[in-house]
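Working notes, structure below.
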Amino acid sequence: MSDSHIHNPDASGAVPLLRAHALFCERDDRVLFSGLDFDVQAGDLMQVQGSNGSGKTTLLRILCGLNGSYEGELYWRGVPIEEDREGFLASLLYLGHRVGVNKILTARENLRWSCALHSPVTDNDIETALARVGLAGYADVICRNMSAGQQQRVSLARLLLNPATLWVLDEPFTTLDVHGVRTLESLLAEHVLAGGAVLVTTHHPLAVPCTLRRLNLDTRGANNS
Amino acid sequence: MWQWFFRLGSPKWFYELSGRWLPWLVVAMTVLLTIGIVWALLFVPADYQQGDTIRIMYVHVPVASISLACFPLMAVAGVITLVWKMKLADMVAKCAAPIGAWFTAVALATGAIWGQPIWGTWWAWDARLTSMLIQFFLLIGVIALRSAIESPDAAARACALLSVVGAINVPIIKYSVEWWNTLHQPASSFSMAEDSPFGPEIWVPLVIMIFAVYLFFVISLILSTRTEILVRERRSQWVVDLVAADKTQGA
Amino acid sequence: MKPHRRKKLTIIAFIATGLSVAIGLSLYALSNSIDLFFTPTQVAAGEVMNGQRIRVGGMVKEGSVVRSQDSLHVEFMATDYSHDLLIRYDGILPDLFREGQGVVAEGMMANGSFEASRVLAKHDENYMSVEVKAALDAAERDRALPAAETEGAADGS
Amino acid sequence: MTALAGPQVTTFTAFRATLRRDLLIALTRRNDLLNPLMFFLIVVSLFPLGVSSDPQELTRIAAGTVWVSALLASMLSLDNLYRADYEDGSLEQLLLSPQPLYFMVLAKNIAHWLVSGLPVVLLAPLLAYMLYLPADAYWTLMLTLLLGTPVLSLFGSIGVALTVGLGSRGLILAVIVLPLTVPVLIIGAKAVADASLGVSLGMHYALLGALLALSLSLAPLASAAALKISVN
């Protein structure tokens, strides 16, 4: 369902969706990575790997623009990101460690707000999306009364509601049960097969029916598997 | 021009330049301070209304003028930090805040000592003292924010932002406090014209003292910025070389 | 126009509107004059109620200061050169309190005179050495003398 | 589902949605609504106990007391502005929306004022009565608070935004924000005090209005920048 709206102007692959060039970041006098280069093409599912503290989260936050303390260049569709940040943000969906679900509101209210920031949705869309992530009938349950995994699923419903090209997901599998993991894996596969792109950090071995690229922060290199 | 501007942003360059200038600044300050103090204490005639109390002016006015200059200085450094991400600007801003707070405290204290014989009270909620006090609070706020944020980078930008917001507010606060209470005398104009209320025997030593205290401020700022540079750049090669050279010299 | 350009313009327009309203209002405010304290004339005109705490400002009238022999009580007239107001005060007067100088008193009206709880001297912005002041005073005295004598004094100086 | 790149959401829609969401949260958590109000009530009632219950003396301090308490009450409720959003990650979502953060921050500030400032304005006459404020100063009190409390929310927002990422922020917020609010306090309290002296108040209102316009246009800019720094 998320695939229909993603059109891919760079079918040739000449201009990568996202290009990082010579990224350098240090924290507390410790170099996390330097001279990091990689491209993300439309149709890529890229898994960012690395040991604990290798800077996976920092890298994702830098790519999204949440962290500004880095050196190097970032391009979105060949244009430096800072030149058209809004255009980039309109095609970006980021889900971090903190799921972005207010516990006082219901699932529906949460999703209605976060979608109002991106694209208009109807209540029907929200219910369909919730059903897809396994929360059928939970639309009007207050999020405080949900388990951590269920809250994570509310957050994942955004993947279905927000027509973003690039998904940046930080440890999206941590609280999910087996069924949830399978749902998310199929969502990822559908997205990249439809021409979207995904950057994901996880320690969980991904089982997806598409090519998986890996970016290893310990060896500092991107490779295909 | 721009090249010069960005070279100024290099801590190493600043460290070397300030090291060369520092002795001259110290000499100039010592000379001016000695002349100014001796002149102000011994040779300036007593005021027709305030008598010898007037002599505290020679400390109060220069110190107060520095404290007033401190917030604009931090705001300019803040803008440079936010726009050009220049590290040196943040180091200067970081060092200027506590020095400025001390100067403000001294200005408040000398103001109180001056106020006691003149107004008949140590503390009056008069416009200038009050706005100085509030500016003191603002400075303390910036210092507190700096010490509360752990990441130096975030602290730099947060303090830069707060300094800019504070600097926009300082004139508003000053105006509102003045509006609220205008008991203090209006600012005297330092004109050199013959009809100026100041005779030259009053203002010449004052100008000397102002220069001396400005130099004192600049020297303190340079010294503490140099320390800050060494701490922050301790991993860079030139600091390592510098320390190594220092050690061999000492041995 | 690109959407992000339009959004930026909306923000700028919003800020510009806010700033111009702020400037307009503060210009309006500045055009109004303010009363920092009541003058003896205003008090005489009955603008102040008995028992209302106010602040009165004026000059200490020459020769009006009466100090009590056995206490700190002092009475003087504050004047704005059209009306006078009797001020009573118990306490230590500041150094700069003297006749012919400005003074601000806080307190309230009682039976036609002003009971001050605090007296503050308002010193002017002129700093002069004792000698200069003496010379100026002398010059002023000279000017007050008949013209012929002034000429003579000017020659002599 | 909406097809093909999806129709863009207008900034106004996003603004309204944010305002609505924050109001919804505040109304769900009654405590957030009631606590500042109770604090305001309690602080004001402490003054007669601490100063004197003499009506004349209370009349004299009434204006300042109500204003200072309103300031403290609005300071107390500031933490709600971004803290929960920071902790649950909603703030990141807000920062990554293609909508201008400036207007989103403005929406949140307006929501904060509606739930913390407006009730204080409405409760003020009651407290003014308890402090024997002269009757002709009531409207001035309400009007100055109406103009002044939004400024407190807007200035406070900058402080909260700067400190939202800090572990222990209790007092630092007050140290940063309170000095900035001095002009509002001075003008507001002076206007109420002058109202009973029968002085013309046009100037006071104009100054408060100018402060409101200034902070309405510039404070969200600073808050937005501060949020970006804090989330870093």
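Ligands are numbered from 1 in the order shown, chains are lettered A, B, ... in the order of the structure tokens, and residues start at 1 in each chain.
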### Query
Where in range 38-232 of chain D does DSSP assign alpha helix (DSSP H), given as number ranges by chain?
D: 38-50, 55-77, 83-88, 90-95, 101-112, 118-130, 138-163, 170-180, 182-195, 202-231
### Query
Hey, what's within 8 Å of range 74-82 of chain B if we count only C-alpha atoms and toss same-chain stuff fewer than 4 positions away? As a ChimeraX atom specification, please?
/B:70,86-87,89-90,92-93,96-97,156-157,159-161,163-164,166-167
Store the residues picked out above in a file with C-alpha atoms, as a PDB file, in the first residue's frame.
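File again01.pdb, as written:
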```
ATOM      1  CA  CYS B  70      30.442  42.782  28.091  1.00  0.00           C
ATOM      2  CA  MET B  86      34.052  29.703  14.810  1.00  0.00           C
ATOM      3  CA  LYS B  87      35.557  27.981  17.828  1.00  0.00           C
ATOM      4  CA  ALA B  89      34.499  33.159  19.262  1.00  0.00           C
ATOM      5  CA  ASP B  90      32.973  30.670  21.661  1.00  0.00           C
ATOM      6  CA  VAL B  92      36.191  34.245  24.044  1.00  0.00           C
ATOM      7  CA  ALA B  93      32.501  34.287  24.954  1.00  0.00           C
ATOM      8  CA  ALA B  96      34.209  36.856  28.920  1.00  0.00           C
ATOM      9  CA  ALA B  97      31.160  35.759  30.910  1.00  0.00           C
ATOM     10  CA  ALA B 156      28.597  26.813  22.953  1.00  0.00           C
ATOM     11  CA  ARG B 157      25.559  27.213  20.760  1.00  0.00           C
ATOM     12  CA  CYS B 159      25.061  30.084  25.368  1.00  0.00           C
ATOM     13  CA  ALA B 160      25.540  31.947  22.107  1.00  0.00           C
ATOM     14  CA  LEU B 161      21.789  31.972  21.588  1.00  0.00           C
ATOM     15  CA  SER B 163      23.670  35.857  24.855  1.00  0.00           C
ATOM     16  CA  VAL B 164      21.995  37.147  21.706  1.00  0.00           C
ATOM     17  CA  GLY B 166      19.972  38.674  26.420  1.00  0.00           C
ATOM     18  CA  ALA B 167      21.653  41.402  24.401  1.00  0.00           C
TER      19      ALA B 167
END
```
### Query
Could you list, as a PyMOL selection string, every residue of chain D that has an atom within 9 Å of an atom of chain A, counting only C-alpha atoms?
chain D and resi 1-11+13-18+20-21+24-25+28-29+84-100+228-229+231-232
### Message
Taking only C-alpha atoms into account and nothing else, which residues of chain C lie no more than 7 Å away from chain D? Please answer as a PyMOL selection string.
### Response
chain C and resi 7+14-15+18-19+21-23+25-26+28-29+32
Dump C-alpha atoms for the selected residues as a PDB file, in the first residue's frame?
```
ATOM      1  CA  LYS C   7       6.888  29.396   3.783  1.00  0.00           C
ATOM      2  CA  PHE C  14       4.937  37.625  10.201  1.00  0.00           C
ATOM      3  CA  ILE C  15       8.080  38.878  11.905  1.00  0.00           C
ATOM      4  CA  GLY C  18       5.206  42.033  14.635  1.00  0.00           C
ATOM      5  CA  LEU C  19       8.218  44.292  14.637  1.00  0.00           C
ATOM      6  CA  VAL C  21       3.530  46.883  15.504  1.00  0.00           C
ATOM      7  CA  ALA C  22       6.100  46.849  18.323  1.00  0.00           C
ATOM      8  CA  ILE C  23       7.870  49.911  16.953  1.00  0.00           C
ATOM      9  CA  LEU C  25       3.358  51.090  19.874  1.00  0.00           C
ATOM     10  CA  SER C  26       6.624  52.073  21.501  1.00  0.00           C
ATOM     11  CA  TYR C  28       3.220  56.030  20.679  1.00  0.00           C
ATOM     12  CA  ALA C  29       4.302  55.272  24.255  1.00  0.00           C
ATOM     13  CA  ASN C  32       3.358  60.390  26.057  1.00  0.00           C
TER      14      ASN C  32
END
```
### Task
Starting from chain B, keep only residues with some atom at most 12 Å from an atom of chain D, counting only C-alpha atoms, and report them as number ranges by chain.
B: 82-83, 130-181
### Proximal residues of chain A relative to chain B (only C-alpha atoms; 9 Å) as a PyMOL selection string
chain A and resi 27-29+69
File dump, residues just selected, N, CA and C atoms, as a PDB file, in the first residue's frame:
```
ATOM      1  N   ARG A  27      33.207  12.594  19.050  1.00  0.00           N
ATOM      2  CA  ARG A  27      32.429  12.914  20.245  1.00  0.00           C
ATOM      3  C   ARG A  27      33.320  12.666  21.448  1.00  0.00           C
ATOM      4  N   ASP A  28      33.345  13.656  22.340  1.00  0.00           N
ATOM      5  CA  ASP A  28      34.180  13.565  23.530  1.00  0.00           C
ATOM      6  C   ASP A  28      35.608  13.170  23.165  1.00  0.00           C
ATOM      7  N   ASP A  29      36.169  13.870  22.192  1.00  0.00           N
ATOM      8  CA  ASP A  29      37.565  13.659  21.782  1.00  0.00           C
ATOM      9  C   ASP A  29      37.819  12.285  21.187  1.00  0.00           C
ATOM     10  N   SER A  69      26.794  18.488  14.553  1.00  0.00           N
ATOM     11  CA  SER A  69      28.227  18.584  14.825  1.00  0.00           C
ATOM     12  C   SER A  69      28.987  17.535  14.027  1.00  0.00           C
TER      13      SER A  69
END
```
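Using only C-alpha atoms, the residues found no farther than 8 Å from Asp22 in chain D, other than those of its own chain fewer than 3 positions away, are Thr18, Leu19, Ile25, Ala26, Lys108, Ala111 and His112 of chain D.
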### Query
Rounded to one decimal in Å, what is the spacing between CA of Ile54 in chain C and CA of Pro134 in chain D?
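Atom-to-atom, CA of Ile54 in chain C and CA of Pro134 in chain D are spaced 16.0 Å apart.
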### Query
Counting only C-alpha atoms, which of C:Val66, C:Leu72, C:Leu30, C:Met109 gets nearest to chain B?
C:Leu30
### Task
Find the distance between CA of Ala157 in chain A and CA of Val178 in chain A and write it in Å to one decimal.
17.1 Å
### Message
Env of Ile110 in chain D: 10 Å cut, atoms = only C-alpha atoms, seq-sep filter 4 positions within chain, self excluded. Answer as a PyMOL selection string.
### Response
chain D and resi 19+22-23+104-106+114-117+150+153-154+216
Let's have the selection written as a short mmCIF file (atom, residue, chain, number, x, y, z; two decimals), in the first residue's frame, with N, CA, C and O atoms.
```cif
data_model
loop_
_atom_site.label_atom_id
_atom_site.label_comp_id
_atom_site.auth_asym_id
_atom_site.auth_seq_id
_atom_site.Cartn_x
_atom_site.Cartn_y
_atom_site.Cartn_z
N LEU D 19 -1.59 22.86 17.70
CA LEU D 19 -2.33 23.57 18.75
C LEU D 19 -3.36 22.64 19.38
O LEU D 19 -3.48 22.52 20.60
N ASP D 22 -1.74 19.85 21.58
CA ASP D 22 -1.25 20.30 22.88
C ASP D 22 -2.40 20.61 23.83
O ASP D 22 -2.33 20.34 25.03
N LEU D 23 -3.47 21.20 23.29
CA LEU D 23 -4.63 21.49 24.14
C LEU D 23 -5.25 20.19 24.63
O LEU D 23 -5.63 20.06 25.79
N MET D 104 5.26 26.07 14.36
CA MET D 104 4.92 24.96 15.26
C MET D 104 5.19 25.36 16.71
O MET D 104 4.41 25.08 17.61
N VAL D 105 6.34 26.04 16.91
CA VAL D 105 6.68 26.52 18.25
C VAL D 105 5.65 27.54 18.71
O VAL D 105 5.19 27.51 19.85
N LEU D 106 5.25 28.40 17.78
CA LEU D 106 4.24 29.40 18.11
C LEU D 106 2.95 28.72 18.55
O LEU D 106 2.33 29.11 19.55
N LEU D 114 -2.84 29.32 26.68
CA LEU D 114 -4.28 29.11 26.87
C LEU D 114 -4.56 28.27 28.12
O LEU D 114 -5.56 28.49 28.80
N VAL D 115 -3.66 27.31 28.43
CA VAL D 115 -3.95 26.47 29.58
C VAL D 115 -3.29 26.96 30.86
O VAL D 115 -3.72 26.59 31.94
N SER D 116 -2.25 27.80 30.77
CA SER D 116 -1.63 28.25 32.01
C SER D 116 -1.77 29.75 32.24
O SER D 116 -1.90 30.19 33.38
N GLY D 117 -1.74 30.55 31.19
CA GLY D 117 -1.81 32.00 31.36
C GLY D 117 -3.23 32.50 31.51
O GLY D 117 -3.54 33.27 32.43
N PRO D 150 1.13 36.26 27.97
CA PRO D 150 1.68 35.60 26.77
C PRO D 150 3.17 35.87 26.61
O PRO D 150 3.92 35.00 26.16
N SER D 153 4.99 33.41 28.64
CA SER D 153 5.04 32.09 27.99
C SER D 153 6.08 32.07 26.88
O SER D 153 6.84 31.12 26.74
N LEU D 154 6.09 33.16 26.09
CA LEU D 154 6.98 33.19 24.93
C LEU D 154 8.45 33.25 25.34
O LEU D 154 9.30 32.57 24.78
N LEU D 216 6.16 38.03 20.33
CA LEU D 216 5.38 37.15 19.47
C LEU D 216 6.13 36.91 18.16
O LEU D 216 6.08 35.80 17.60
#
```
### Query
Pick the closest to chain C from A:Leu215, A:Asp177, A:Asp84, A:Thr201: which is it, counting only C-alpha atoms?
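Checking each candidate against chain C, we get A:Asp84 as the closest.
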